[in-house]
$ cat query.cif   # mmCIF, C-alpha atoms
data_target
loop_
_atom_site.group_PDB
_atom_site.id
_atom_site.type_symbol
_atom_site.label_atom_id
_atom_site.label_comp_id
_atom_site.auth_asym_id
_atom_site.auth_seq_id
_atom_site.Cartn_x
_atom_site.Cartn_y
_atom_site.Cartn_z
ATOM 1 C CA MET A 241 17.304 1.909 -16.616
ATOM 2 C CA ALA A 242 13.618 1.091 -17.152
ATOM 3 C CA VAL A 243 12.220 -2.274 -18.219
ATOM 4 C CA ASN A 244 11.190 -2.200 -21.879
ATOM 5 C CA VAL A 245 7.462 -2.867 -22.253
ATOM 6 C CA ASP A 246 7.834 -4.349 -25.743
ATOM 7 C CA ILE A 247 10.367 -6.938 -24.581
ATOM 8 C CA VAL A 248 8.126 -7.973 -21.681
ATOM 9 C CA TYR A 249 4.973 -8.255 -23.795
ATOM 10 C CA LYS A 250 6.668 -10.278 -26.527
ATOM 11 C CA THR A 251 8.303 -12.565 -23.953
ATOM 12 C CA VAL A 252 4.935 -13.218 -22.310
ATOM 13 C CA LEU A 253 3.344 -13.958 -25.692
ATOM 14 C CA LEU A 254 6.232 -16.271 -26.613
ATOM 15 C CA ILE A 255 5.827 -18.313 -23.425
ATOM 16 C CA LEU A 256 2.038 -18.488 -23.738
ATOM 17 C CA ASN A 257 2.120 -19.403 -27.415
ATOM 18 C CA GLN A 258 4.929 -21.941 -27.149
ATOM 19 C CA GLN A 259 2.365 -24.679 -26.567
ATOM 20 C CA GLN A 260 -0.550 -22.723 -28.037
ATOM 21 C CA ARG A 261 -1.949 -22.098 -24.571
ATOM 22 C CA GLY A 262 -3.610 -18.776 -25.393
ATOM 23 C CA TYR A 263 -3.205 -15.067 -26.062
ATOM 24 C CA ILE A 264 -3.697 -11.832 -24.161
ATOM 25 C CA THR A 265 -4.594 -8.644 -26.016
ATOM 26 C CA PRO A 266 -2.603 -5.404 -25.666
ATOM 27 C CA ASP A 267 -5.406 -3.909 -23.560
ATOM 28 C CA GLU A 268 -5.402 -6.919 -21.212
ATOM 29 C CA PHE A 269 -1.624 -6.789 -21.015
ATOM 30 C CA ASN A 270 -1.613 -3.055 -20.181
ATOM 31 C CA LYS A 271 -4.045 -3.520 -17.296
ATOM 32 C CA VAL A 272 -2.199 -6.532 -15.888
ATOM 33 C CA ALA A 273 1.236 -4.933 -16.359
ATOM 34 C CA THR A 274 0.171 -1.780 -14.514
ATOM 35 C CA GLN A 275 -1.171 -3.868 -11.626
ATOM 36 C CA VAL A 276 2.023 -5.946 -11.463
ATOM 37 C CA GLN A 277 4.189 -2.819 -11.430
ATOM 38 C CA LEU A 278 2.169 -1.324 -8.547
ATOM 39 C CA THR A 279 2.368 -4.610 -6.599
ATOM 40 C CA ILE A 280 6.161 -4.719 -6.882
ATOM 41 C CA PHE A 281 6.489 -1.004 -6.153
ATOM 42 C CA GLU A 282 4.249 -1.135 -3.066
ATOM 43 C CA ALA A 283 6.297 -4.022 -1.660
ATOM 44 C CA TYR A 284 9.505 -1.972 -1.609
ATOM 45 C CA ALA A 285 8.615 -0.071 1.590
ATOM 46 C CA SER A 286 7.563 -3.164 3.563
ATOM 47 C CA ASN A 287 10.567 -5.153 2.315
ATOM 48 C CA LEU A 288 12.898 -2.317 3.283
ATOM 49 C CA ASN A 289 11.350 -2.137 6.742
ATOM 50 C CA GLN A 290 11.834 -5.898 7.105
ATOM 51 C CA GLN A 291 15.481 -5.725 6.051
ATOM 52 C CA TYR A 292 16.239 -2.940 8.553
ATOM 53 C CA ARG A 293 15.367 -5.402 11.316
ATOM 54 C CA LYS A 294 17.935 -7.931 10.077
ATOM 55 C CA PRO A 295 21.715 -7.917 10.304
ATOM 56 C CA GLN A 296 23.260 -6.867 7.003
ATOM 57 C CA ASN A 297 26.506 -7.665 5.267
ATOM 58 C CA ASP A 298 28.711 -4.914 3.836
ATOM 59 C CA THR A 299 29.522 -6.552 0.508
ATOM 60 C CA GLU A 300 29.435 -4.363 -2.559
ATOM 61 C CA TYR A 301 26.522 -5.967 -4.421
ATOM 62 C CA ALA A 302 24.697 -8.271 -1.979
ATOM 63 C CA ASN A 303 23.489 -5.780 0.650
ATOM 64 C CA HIS A 304 19.681 -6.077 0.646
ATOM 65 C CA ILE A 305 19.045 -2.611 2.093
ATOM 66 C CA LYS A 306 21.337 -0.962 -0.414
ATOM 67 C CA ASN A 307 19.749 -2.853 -3.309
ATOM 68 C CA LEU A 308 16.207 -1.918 -2.256
ATOM 69 C CA GLU A 309 17.150 1.730 -1.819
ATOM 70 C CA GLU A 310 18.645 1.700 -5.313
ATOM 71 C CA LYS A 311 15.307 0.456 -6.684
ATOM 72 C CA LEU A 312 13.433 3.194 -4.805
ATOM 73 C CA GLN A 313 15.715 5.974 -6.047
ATOM 74 C CA PHE A 314 13.792 6.175 -9.330
ATOM 75 C CA PHE A 315 10.713 7.321 -7.430
ATOM 76 C CA GLN A 316 12.254 9.702 -4.896
ATOM 77 C CA THR A 317 11.612 13.328 -5.770
ATOM 78 C CA SER A 318 10.664 16.682 -4.302
ATOM 79 C CA GLY A 319 8.447 19.611 -5.126
ATOM 80 C CA THR A 320 7.094 22.927 -3.885
ATOM 81 C CA ALA A 321 3.836 22.984 -1.928
ATOM 82 C CA ASN A 322 1.538 25.860 -2.963
ATOM 83 C CA TYR A 323 -0.184 27.994 -0.331
ATOM 84 C CA VAL A 324 -3.890 28.522 -1.017
ATOM 85 C CA GLY A 325 -4.841 29.478 2.575
ATOM 86 C CA PRO A 326 -5.250 28.138 5.119
ATOM 87 C CA HIS A 327 -3.465 25.084 3.742
ATOM 88 C CA PHE A 328 -0.863 24.020 1.204
ATOM 89 C CA THR A 329 -1.573 21.802 -1.789
ATOM 90 C CA LEU A 330 0.934 19.090 -2.593
ATOM 91 C CA PRO A 331 2.872 18.879 -5.861
ATOM 92 C CA THR A 332 0.714 16.101 -7.264
ATOM 93 C CA THR A 333 1.921 16.204 -10.840
ATOM 94 C CA SER A 334 5.253 15.679 -12.494
ATOM 95 C CA ILE A 335 7.267 18.750 -13.478
ATOM 96 C CA VAL A 336 8.251 17.022 -16.717
ATOM 97 C CA PRO A 337 5.669 16.103 -19.388
ATOM 98 C CA THR A 338 5.548 12.407 -20.230
ATOM 99 C CA VAL A 339 4.401 12.953 -23.808
ATOM 100 C CA VAL A 340 4.230 16.041 -26.031
ATOM 101 C CA GLU A 341 2.195 16.266 -29.233
ATOM 102 C CA THR A 342 2.651 19.170 -31.611
ATOM 103 C CA PHE A 343 0.162 20.351 -34.225
ATOM 104 C CA VAL A 344 1.672 22.713 -36.762
ATOM 105 C CA GLY A 345 1.041 23.849 -40.335
ATOM 106 C CA ASN A 346 -1.857 22.949 -42.560
ATOM 107 C CA PRO A 347 -3.444 20.510 -41.896
ATOM 108 C CA PRO A 348 -4.601 20.408 -39.152
ATOM 109 C CA ILE A 349 -4.124 24.123 -38.381
ATOM 110 C CA ASP A 350 -5.925 25.913 -41.188
ATOM 111 C CA GLY A 351 -7.415 28.920 -39.381
ATOM 112 C CA VAL A 352 -10.817 27.213 -39.217
ATOM 113 C CA ASN A 353 -10.338 23.902 -37.389
ATOM 114 C CA THR A 354 -10.910 23.990 -33.624
ATOM 115 C CA ILE A 355 -10.866 20.245 -32.822
ATOM 116 C CA PHE A 356 -7.611 18.329 -32.454
ATOM 117 C CA ASN A 357 -7.356 14.608 -31.680
ATOM 118 C CA VAL A 358 -4.315 13.616 -29.630
ATOM 119 C CA THR A 359 -2.866 10.290 -30.765
ATOM 120 C CA LEU A 360 0.507 10.013 -28.989
ATOM 121 C CA TRP A 361 -0.971 8.760 -25.714
ATOM 122 C CA THR A 362 -3.948 6.667 -24.704
ATOM 123 C CA THR A 363 -7.064 7.667 -22.789
ATOM 124 C CA ALA A 364 -5.806 5.506 -19.910
ATOM 125 C CA GLN A 365 -2.741 7.746 -19.683
ATOM 126 C CA SER A 366 -4.987 10.820 -19.654
ATOM 127 C CA ASN A 367 -6.839 9.538 -16.582
ATOM 128 C CA GLY A 368 -5.903 11.731 -13.615
ATOM 129 C CA ALA A 369 -3.258 13.591 -15.608
ATOM 130 C CA GLN A 370 -2.833 17.324 -16.114
ATOM 131 C CA ILE A 371 -2.962 18.689 -19.644
ATOM 132 C CA VAL A 372 -1.067 21.852 -20.601
ATOM 133 C CA VAL A 373 -1.833 23.543 -23.921
ATOM 134 C CA LEU A 374 0.453 26.119 -25.510
ATOM 135 C CA LEU A 375 -0.351 28.212 -28.581
ATOM 136 C CA ASP A 376 2.777 29.763 -30.091
ATOM 137 C CA GLY A 377 4.498 29.296 -26.738
ATOM 138 C CA VAL A 378 1.735 30.915 -24.656
ATOM 139 C CA VAL A 379 0.010 28.748 -22.040
ATOM 140 C CA GLN A 380 -3.741 28.522 -22.694
ATOM 141 C CA ALA A 381 -6.357 28.605 -19.925
ATOM 142 C CA ALA A 382 -8.576 25.543 -19.470
ATOM 143 C CA GLY A 383 -12.276 26.369 -19.759
ATOM 144 C CA ILE A 384 -11.483 29.758 -21.303
ATOM 145 C CA ASP A 385 -9.225 29.085 -24.274
ATOM 146 C CA TYR A 386 -9.904 25.355 -24.621
ATOM 147 C CA THR A 387 -11.729 22.311 -23.298
ATOM 148 C CA TRP A 388 -10.208 18.857 -22.909
ATOM 149 C CA ASN A 389 -12.060 15.544 -23.246
ATOM 150 C CA ALA A 390 -9.896 12.935 -21.493
ATOM 151 C CA GLY A 391 -12.257 10.126 -22.471
ATOM 152 C CA ALA A 392 -11.649 10.820 -26.161
ATOM 153 C CA ASN A 393 -8.207 12.493 -26.006
ATOM 154 C CA GLN A 394 -9.734 15.434 -27.827
ATOM 155 C CA LEU A 395 -8.754 19.086 -27.534
ATOM 156 C CA THR A 396 -11.291 21.741 -28.546
ATOM 157 C CA MET A 397 -10.057 25.309 -28.902
ATOM 158 C CA VAL A 398 -12.581 28.082 -28.293
ATOM 159 C CA VAL A 399 -11.068 30.085 -31.155
ATOM 160 C CA ALA A 400 -9.471 28.402 -34.149
ATOM 161 C CA PRO A 401 -5.658 28.778 -34.063
ATOM 162 C CA PRO A 402 -4.410 31.042 -36.859
ATOM 163 C CA LEU A 403 -2.936 29.530 -39.979
ATOM 164 C CA LEU A 404 0.635 28.179 -39.478
ATOM 165 C CA SER A 405 0.543 28.721 -35.698
ATOM 166 C CA ASN A 406 2.143 26.171 -33.388
ATOM 167 C CA LEU A 407 -0.177 24.254 -31.051
ATOM 168 C CA VAL A 408 1.417 21.999 -28.405
ATOM 169 C CA VAL A 409 -0.336 19.639 -25.981
ATOM 170 C CA GLN A 410 1.638 18.291 -23.005
ATOM 171 C CA LEU A 411 0.706 15.424 -20.689
ATOM 172 C CA PHE A 412 1.767 15.735 -17.017
ATOM 173 C CA PRO A 413 0.885 12.545 -15.133
ATOM 174 C CA SER A 414 -0.366 12.636 -11.558
ATOM 175 C CA ASP A 415 2.464 11.031 -9.627
ATOM 176 C CA PHE A 416 2.204 11.818 -5.887
ATOM 177 C CA TYR A 417 2.223 8.603 -3.881
ATOM 178 C CA ARG A 418 3.613 8.916 -0.369
ATOM 179 C CA LEU A 419 4.679 11.935 1.686
ATOM 180 C CA GLY A 420 8.258 12.036 2.925
ATOM 181 C CA THR A 421 9.760 15.085 4.659
ATOM 182 C CA VAL A 422 8.269 18.584 4.925
ATOM 183 C CA LEU A 423 10.874 21.363 4.781
ATOM 184 C CA TYR A 424 10.489 25.069 5.476
ATOM 185 C CA LYS A 425 12.988 27.343 3.725
ATOM 186 C CA ASN A 426 14.846 24.253 2.494
ATOM 187 C CA PHE A 427 16.527 23.282 5.756
ATOM 188 C CA LYS A 428 14.027 23.505 8.633
ATOM 189 C CA ILE A 429 12.353 20.117 9.038
ATOM 190 C CA ALA A 430 8.697 20.358 10.070
ATOM 191 C CA GLN A 431 7.498 17.756 12.557
ATOM 192 C CA TYR A 432 4.279 15.834 11.906
ATOM 193 C CA VAL A 433 1.602 16.070 14.603
ATOM 194 C CA GLN A 434 -1.998 14.949 14.855
ATOM 195 C CA ARG A 435 -4.802 17.318 15.845
ATOM 196 C CA ASN A 436 -4.908 16.184 19.461
ATOM 197 C CA GLU A 437 -1.130 16.549 19.801
ATOM 198 C CA LEU A 438 -1.268 20.038 18.315
ATOM 199 C CA ALA A 439 -3.963 21.075 20.791
ATOM 200 C CA GLN A 440 -1.738 19.968 23.658
ATOM 201 C CA LEU A 441 1.310 21.773 22.264
ATOM 202 C CA LEU A 442 -0.613 25.032 21.832
ATOM 203 C CA LEU A 443 -1.550 25.105 25.517
ATOM 204 C CA SER A 444 1.897 26.213 26.613
ATOM 205 C CA PRO A 445 4.032 29.072 25.247
ATOM 206 C CA LEU A 446 7.067 26.812 25.633
ATOM 207 C CA THR A 447 5.805 24.135 23.229
ATOM 208 C CA GLN A 448 4.048 26.266 20.609
ATOM 209 C CA PRO A 449 5.429 25.927 17.065
ATOM 210 C CA THR A 450 7.615 28.656 15.632
ATOM 211 C CA GLU A 451 9.065 29.310 12.198
ATOM 212 C CA ASP A 452 12.344 27.851 13.469
ATOM 213 C CA PHE A 453 10.587 24.722 14.782
ATOM 214 C CA PRO A 454 7.498 24.282 12.566
ATOM 215 C CA LEU A 455 4.809 21.593 12.767
ATOM 216 C CA TYR A 456 2.380 20.261 10.198
ATOM 217 C CA ASN A 457 -0.873 18.305 9.853
ATOM 218 C CA TYR A 458 -1.535 16.139 6.817
ATOM 219 C CA GLU A 459 -5.237 15.641 6.168
ATOM 220 C CA ASN A 460 -7.238 14.928 3.016
ATOM 221 C CA ASP A 461 -4.125 15.418 0.843
ATOM 222 C CA LEU A 462 -3.694 18.933 2.254
ATOM 223 C CA LEU A 463 -0.829 20.268 4.345
ATOM 224 C CA TYR A 464 -1.505 22.594 7.310
ATOM 225 C CA MET A 465 1.596 24.396 8.572
ATOM 226 C CA HIS A 466 2.016 25.755 12.092
ATOM 227 C CA PRO A 467 2.499 28.532 12.970
ATOM 228 C CA PRO A 468 0.029 29.932 10.398
ATOM 229 C CA THR A 469 2.476 32.740 9.562
ATOM 230 C CA ILE A 470 4.170 30.200 7.281
ATOM 231 C CA GLN A 471 2.602 30.922 3.902
ATOM 232 C CA GLY A 472 5.362 29.965 1.504
ATOM 233 C CA ASP A 473 8.827 28.420 1.069
ATOM 234 C CA VAL A 474 7.514 24.925 1.853
ATOM 235 C CA THR A 475 9.107 22.000 0.017
ATOM 236 C CA ILE A 476 8.262 18.337 0.398
ATOM 237 C CA THR A 477 10.050 15.143 -0.507
ATOM 238 C CA TYR A 478 7.837 12.310 -1.672
ATOM 239 C CA LEU A 479 7.642 9.036 -3.507
ATOM 240 C CA LYS A 480 6.057 9.360 -6.910
ATOM 241 C CA LYS A 481 3.768 6.710 -8.328
ATOM 242 C CA PRO A 482 5.017 4.864 -11.413
ATOM 243 C CA ALA A 483 3.146 5.762 -14.575
ATOM 244 C CA ASN A 484 0.648 3.285 -16.016
ATOM 245 C CA VAL A 485 2.299 0.788 -18.335
ATOM 246 C CA VAL A 486 1.182 1.079 -21.950
ATOM 247 C CA TRP A 487 2.074 -1.134 -24.914
ATOM 248 C CA ASN A 488 0.587 0.955 -27.695
ATOM 249 C CA TYR A 489 0.328 0.048 -31.343
ATOM 250 C CA THR A 490 -0.761 0.919 -34.837
ATOM 251 C CA ILE A 491 -2.670 -1.400 -37.170
ATOM 252 C CA GLY A 492 -0.648 -2.976 -39.954
ATOM 253 C CA GLY A 493 -1.665 -3.796 -43.500
ATOM 254 C CA VAL A 494 -3.174 -7.177 -42.610
ATOM 255 C CA GLY A 495 -4.693 -6.075 -39.308
ATOM 256 C CA GLU A 496 -1.697 -6.965 -37.146
ATOM 257 C CA PHE A 497 -0.605 -4.948 -34.097
ATOM 258 C CA LEU A 498 2.602 -2.987 -34.720
ATOM 259 C CA TYR A 499 4.407 -1.722 -31.629
ATOM 260 C CA SER A 500 4.524 2.082 -31.345
ATOM 261 C CA ALA A 501 7.475 3.096 -29.178
ATOM 262 C CA THR A 502 6.651 6.822 -29.245
ATOM 263 C CA SER A 503 3.200 6.394 -27.691
ATOM 264 C CA SER A 504 4.043 3.551 -25.300
ATOM 265 C CA THR A 505 5.123 3.790 -21.654
ATOM 266 C CA ASN A 506 7.789 1.466 -20.291
ATOM 267 C CA PHE A 507 7.858 -0.029 -16.821
ATOM 268 C CA GLU A 508 9.568 2.442 -14.494
ATOM 269 C CA LEU A 509 10.985 -0.294 -12.272
ATOM 270 C CA ASP A 510 14.663 -1.150 -12.162
ATOM 271 C CA VAL A 511 15.833 -3.451 -14.954
ATOM 272 C CA THR A 512 16.610 -6.133 -12.350
ATOM 273 C CA GLU A 513 12.853 -6.560 -11.884
ATOM 274 C CA GLN A 514 12.271 -7.806 -15.436
ATOM 275 C CA ASN A 515 12.208 -11.477 -14.459
ATOM 276 C CA ASP A 516 9.754 -10.869 -11.596
ATOM 277 C CA ILE A 517 7.537 -8.741 -13.851
ATOM 278 C CA ILE A 518 7.287 -11.465 -16.494
ATOM 279 C CA LEU A 519 6.529 -14.194 -13.941
ATOM 280 C CA ARG A 520 3.784 -12.144 -12.285
ATOM 281 C CA ILE A 521 2.198 -11.217 -15.614
ATOM 282 C CA LEU A 522 2.221 -14.885 -16.593
ATOM 283 C CA ALA A 523 0.375 -15.739 -13.368
ATOM 284 C CA TYR A 524 -2.353 -13.211 -14.211
ATOM 285 C CA SER A 525 -2.357 -14.386 -17.832
ATOM 286 C CA GLY A 526 -3.170 -17.900 -16.641
ATOM 287 C CA VAL A 527 -6.344 -16.492 -15.093
ATOM 288 C CA ILE A 528 -7.237 -14.649 -18.313
ATOM 289 C CA ILE A 529 -6.758 -17.689 -20.552
ATOM 290 C CA GLN A 530 -8.085 -20.053 -17.859
ATOM 291 C CA ASP A 531 -4.976 -22.227 -17.668
ATOM 292 C CA PRO A 532 -4.291 -23.381 -14.065
ATOM 293 C CA SER A 533 -0.899 -24.835 -14.971
ATOM 294 C CA ILE A 534 0.408 -21.396 -16.018
ATOM 295 C CA ILE A 535 -0.874 -19.889 -12.751
ATOM 296 C CA GLN A 536 0.743 -22.625 -10.653
ATOM 297 C CA VAL A 537 4.160 -22.578 -12.308
ATOM 298 C CA ALA A 538 4.430 -18.776 -12.400
ATOM 299 C CA SER A 539 3.177 -18.353 -8.821
ATOM 300 C CA GLN A 540 5.657 -20.920 -7.518
ATOM 301 C CA ALA A 541 8.506 -19.163 -9.307
ATOM 302 C CA VAL A 542 7.451 -15.781 -7.858
ATOM 303 C CA ALA A 543 7.198 -17.254 -4.335
ATOM 304 C CA ALA A 544 10.636 -18.868 -4.622
ATOM 305 C CA GLU A 545 12.166 -15.610 -5.815
ATOM 306 C CA GLU A 546 10.574 -13.620 -2.980
ATOM 307 C CA THR A 547 11.791 -16.108 -0.388
ATOM 308 C CA ASN A 548 15.321 -15.905 -1.751
ATOM 309 C CA GLU A 549 15.333 -12.087 -1.745
ATOM 310 C CA LYS A 550 13.992 -11.758 1.811
ATOM 311 C CA SER A 551 16.061 -14.487 3.445
#
$ encode --input "query.cif" --output "structure tokens"
Amino acid sequence: MAVNVDIVYKTVLLILNQQQRGYITPDEFNKVATQVQLTIFEAYASNLNQQYRKPQNDTEYANHIKNLEEKLQFFQTSGTANYVGPHFTLPTTSIVPTVVETFVGNPPIDGVNTIFNVTLWTTAQSNGAQIVVLLDGVVQAAGIDYTWNAGANQLTMVVAPPLLSNLVVQLFPSDFYRLGTVLYKNFKIAQYVQRNELAQLLLSPLTQPTEDFPLYNYENDLLYMHPPTIQGDVTITYLKKPANVVWNYTIGGVGEFLYSATSSTNFELDVTEQNDIILRILAYSGVIIQDPSIIQVASQAVAAEETNEKS
């Protein structure tokens, strides 16, 4: 279960405004929240490594290794690497669109209009993401059938869609974060080697890689399989990066911000992280509103919580 972004934002505002200490805007909150989520997420691997070096108990709910692995399970995934010779490209985007916006009927599809403004996600969410456009169920080719302006969230079709056609825009976020295991034909585990190790292994017929015992290099986000006869059937497991946090809104009748659940993105961390998220955001908020007392109290609470979790 994810942590609801609206609950976190309103809790932060409540604490800050309790003594009229200050206010952070939605844009400031989104940037800070995304940074906090990445900080917590990045710490999982190092914390897990630390816990593996300690004796563990086998209680049902207080095993630190088990609890950390449960938090990581939301980000464990796999995908097919694509051969583009002489290397494989990694599955760097999600197979499931985060947001889908559909244009249908008239307006905006009137047989003349070629420009469509996407409103269900922010330009920050478009950064580094893949856009897929379908016209009446047929995937359109970027640069041929349409152009996409990520800075303005604007789709421009080369030819105006016919009247009453169905135009769909899908957002696939870039989510590759850390490589796990490389598999050939789903069950043969490829061993990682560096270039100098590979050169040594190729010197002898006894140590050369085969399709039963494959090797791989990982350089510049590209995968090189050995032997080079492997040109398909490669799957990788990896950790995906959590999506940027977005508290999106519409403007109300008196200029107030009204939360928009459909165009917002929740924290992807486990719900047990809600307390830590709020404390860390408060620490950053103290910097934004220039209140040292907020920074001190929140930072001390975060430090105490970390010490308790790691001890």
$ closest_residue --input "query.cif" --among "A:Ala273, A:Leu278, A:Leu288, A:Val474" --to "A:Asn307" --atoms "all atoms listed in the file"
A:Leu288
$ atom_distance --input "query.cif" --atom1 "atom CA of A:Gly383" --atom2 "atom CA of A:Asp415"
23.6 Å
$ resolve_selection --input "query.cif" --expression "the PyMOL selection byres ((chain A and resi 371-377) around 12)" --output "PDB file with C-alpha atoms, in the frame of the given file"
ATOM      1  CA  THR A 333       1.921  16.204 -10.840  1.00  0.00           C
ATOM      2  CA  SER A 334       5.253  15.679 -12.494  1.00  0.00           C
ATOM      3  CA  ILE A 335       7.267  18.750 -13.478  1.00  0.00           C
ATOM      4  CA  VAL A 336       8.251  17.022 -16.717  1.00  0.00           C
ATOM      5  CA  PRO A 337       5.669  16.103 -19.388  1.00  0.00           C
ATOM      6  CA  THR A 338       5.548  12.407 -20.230  1.00  0.00           C
ATOM      7  CA  VAL A 339       4.401  12.953 -23.808  1.00  0.00           C
ATOM      8  CA  VAL A 340       4.230  16.041 -26.031  1.00  0.00           C
ATOM      9  CA  GLU A 341       2.195  16.266 -29.233  1.00  0.00           C
ATOM     10  CA  THR A 342       2.651  19.170 -31.611  1.00  0.00           C
ATOM     11  CA  PHE A 343       0.162  20.351 -34.225  1.00  0.00           C
ATOM     12  CA  VAL A 344       1.672  22.713 -36.762  1.00  0.00           C
ATOM     13  CA  GLY A 345       1.041  23.849 -40.335  1.00  0.00           C
ATOM     14  CA  ILE A 349      -4.124  24.123 -38.381  1.00  0.00           C
ATOM     15  CA  PHE A 356      -7.611  18.329 -32.454  1.00  0.00           C
ATOM     16  CA  VAL A 358      -4.315  13.616 -29.630  1.00  0.00           C
ATOM     17  CA  TRP A 361      -0.971   8.760 -25.714  1.00  0.00           C
ATOM     18  CA  GLN A 365      -2.741   7.746 -19.683  1.00  0.00           C
ATOM     19  CA  SER A 366      -4.987  10.820 -19.654  1.00  0.00           C
ATOM     20  CA  ASN A 367      -6.839   9.538 -16.582  1.00  0.00           C
ATOM     21  CA  GLY A 368      -5.903  11.731 -13.615  1.00  0.00           C
ATOM     22  CA  ALA A 369      -3.258  13.591 -15.608  1.00  0.00           C
ATOM     23  CA  GLN A 370      -2.833  17.324 -16.114  1.00  0.00           C
ATOM     24  CA  VAL A 378       1.735  30.915 -24.656  1.00  0.00           C
ATOM     25  CA  VAL A 379       0.010  28.748 -22.040  1.00  0.00           C
ATOM     26  CA  GLN A 380      -3.741  28.522 -22.694  1.00  0.00           C
ATOM     27  CA  ALA A 381      -6.357  28.605 -19.925  1.00  0.00           C
ATOM     28  CA  ALA A 382      -8.576  25.543 -19.470  1.00  0.00           C
ATOM     29  CA  GLY A 383     -12.276  26.369 -19.759  1.00  0.00           C
ATOM     30  CA  ILE A 384     -11.483  29.758 -21.303  1.00  0.00           C
ATOM     31  CA  ASP A 385      -9.225  29.085 -24.274  1.00  0.00           C
ATOM     32  CA  TYR A 386      -9.904  25.355 -24.621  1.00  0.00           C
ATOM     33  CA  THR A 387     -11.729  22.311 -23.298  1.00  0.00           C
ATOM     34  CA  TRP A 388     -10.208  18.857 -22.909  1.00  0.00           C
ATOM     35  CA  ASN A 389     -12.060  15.544 -23.246  1.00  0.00           C
ATOM     36  CA  ALA A 390      -9.896  12.935 -21.493  1.00  0.00           C
ATOM     37  CA  ASN A 393      -8.207  12.493 -26.006  1.00  0.00           C
ATOM     38  CA  GLN A 394      -9.734  15.434 -27.827  1.00  0.00           C
ATOM     39  CA  LEU A 395      -8.754  19.086 -27.534  1.00  0.00           C
ATOM     40  CA  THR A 396     -11.291  21.741 -28.546  1.00  0.00           C
ATOM     41  CA  MET A 397     -10.057  25.309 -28.902  1.00  0.00           C
ATOM     42  CA  VAL A 399     -11.068  30.085 -31.155  1.00  0.00           C
ATOM     43  CA  ALA A 400      -9.471  28.402 -34.149  1.00  0.00           C
ATOM     44  CA  PRO A 401      -5.658  28.778 -34.063  1.00  0.00           C
ATOM     45  CA  PRO A 402      -4.410  31.042 -36.859  1.00  0.00           C
ATOM     46  CA  LEU A 403      -2.936  29.530 -39.979  1.00  0.00           C
ATOM     47  CA  LEU A 404       0.635  28.179 -39.478  1.00  0.00           C
ATOM     48  CA  SER A 405       0.543  28.721 -35.698  1.00  0.00           C
ATOM     49  CA  ASN A 406       2.143  26.171 -33.388  1.00  0.00           C
ATOM     50  CA  LEU A 407      -0.177  24.254 -31.051  1.00  0.00           C
ATOM     51  CA  VAL A 408       1.417  21.999 -28.405  1.00  0.00           C
ATOM     52  CA  VAL A 409      -0.336  19.639 -25.981  1.00  0.00           C
ATOM     53  CA  GLN A 410       1.638  18.291 -23.005  1.00  0.00           C
ATOM     54  CA  LEU A 411       0.706  15.424 -20.689  1.00  0.00           C
ATOM     55  CA  PHE A 412       1.767  15.735 -17.017  1.00  0.00           C
ATOM     56  CA  PRO A 413       0.885  12.545 -15.133  1.00  0.00           C
ATOM     57  CA  SER A 414      -0.366  12.636 -11.558  1.00  0.00           C
TER      58      SER A 414
END
$ atom_distance --input "query.cif" --atom1 "atom CA of A:Lys271" --atom2 "atom CA of A:Asn287"
24.5 Å
$ resolve_selection --input "query.cif" --expression "the PyMOL selection byres ((chain A and resi 457-468) around 6)" --output "short mmCIF file (atom, residue, chain, number, x, y, z; two decimals) with C-alpha atoms, in the coordinates of the input"
data_model
loop_
_atom_site.label_atom_id
_atom_site.label_comp_id
_atom_site.auth_asym_id
_atom_site.auth_seq_id
_atom_site.Cartn_x
_atom_site.Cartn_y
_atom_site.Cartn_z
CA HIS A 327 -3.46 25.08 3.74
CA PHE A 328 -0.86 24.02 1.20
CA THR A 329 -1.57 21.80 -1.79
CA VAL A 433 1.60 16.07 14.60
CA PRO A 449 5.43 25.93 17.07
CA THR A 450 7.62 28.66 15.63
CA PRO A 454 7.50 24.28 12.57
CA LEU A 455 4.81 21.59 12.77
CA TYR A 456 2.38 20.26 10.20
CA THR A 469 2.48 32.74 9.56
CA ILE A 470 4.17 30.20 7.28
#
$ residues_near_point --input "query.cif" --point "(5.4, -0.7, -5.4)" --cutoff "12 Å" --atoms "all atoms listed in the file" --output "VMD selection string"
chain A and resid 274 to 288 308 311 to 312 314 to 315 417 to 418 479 to 483 507 to 510 513 517
$ resolve_selection --input "query.cif" --expression "the PyMOL selection byres ((chain A and resi 503) around 6)" --output "PyMOL selection string"
chain A and resi 360-361+500-502+504
$ axis_aligned_box --input "query.cif" --around "stretch 410-415 of chain A" --padding-each-side "4 Å" --output "lines of an AutoDock Vina configuration file"
center_x = 1.0
center_y = 14.7
center_z = -16.3
size_x = 10.8
size_y = 15.3
size_z = 21.4
$ atom_distance --input "query.cif" --atom1 "atom CA of A:Thr477" --atom2 "atom CA of A:Gln316"
7.3 Å
$ residues_around --input "query.cif" --residues "A:Ile528" --least-positions-apart "4" --cutoff "9 Å" --atoms "all atoms listed in the file" --output "list in words"
Gly262, Tyr263, Ile264, Glu268 and Tyr524 of chain A
$ closest_residue --input "query.cif" --among "A:Thr359, A:Ser539, A:Val398, A:Pro445" --to "A:Val527" --atoms "all atoms listed in the file"
A:Ser539
$ closest_residue --input "query.cif" --among "A:Gly493, A:Val252, A:Thr320, A:Gly351" --to "A:Thr475" --atoms "all atoms listed in the file"
A:Thr320
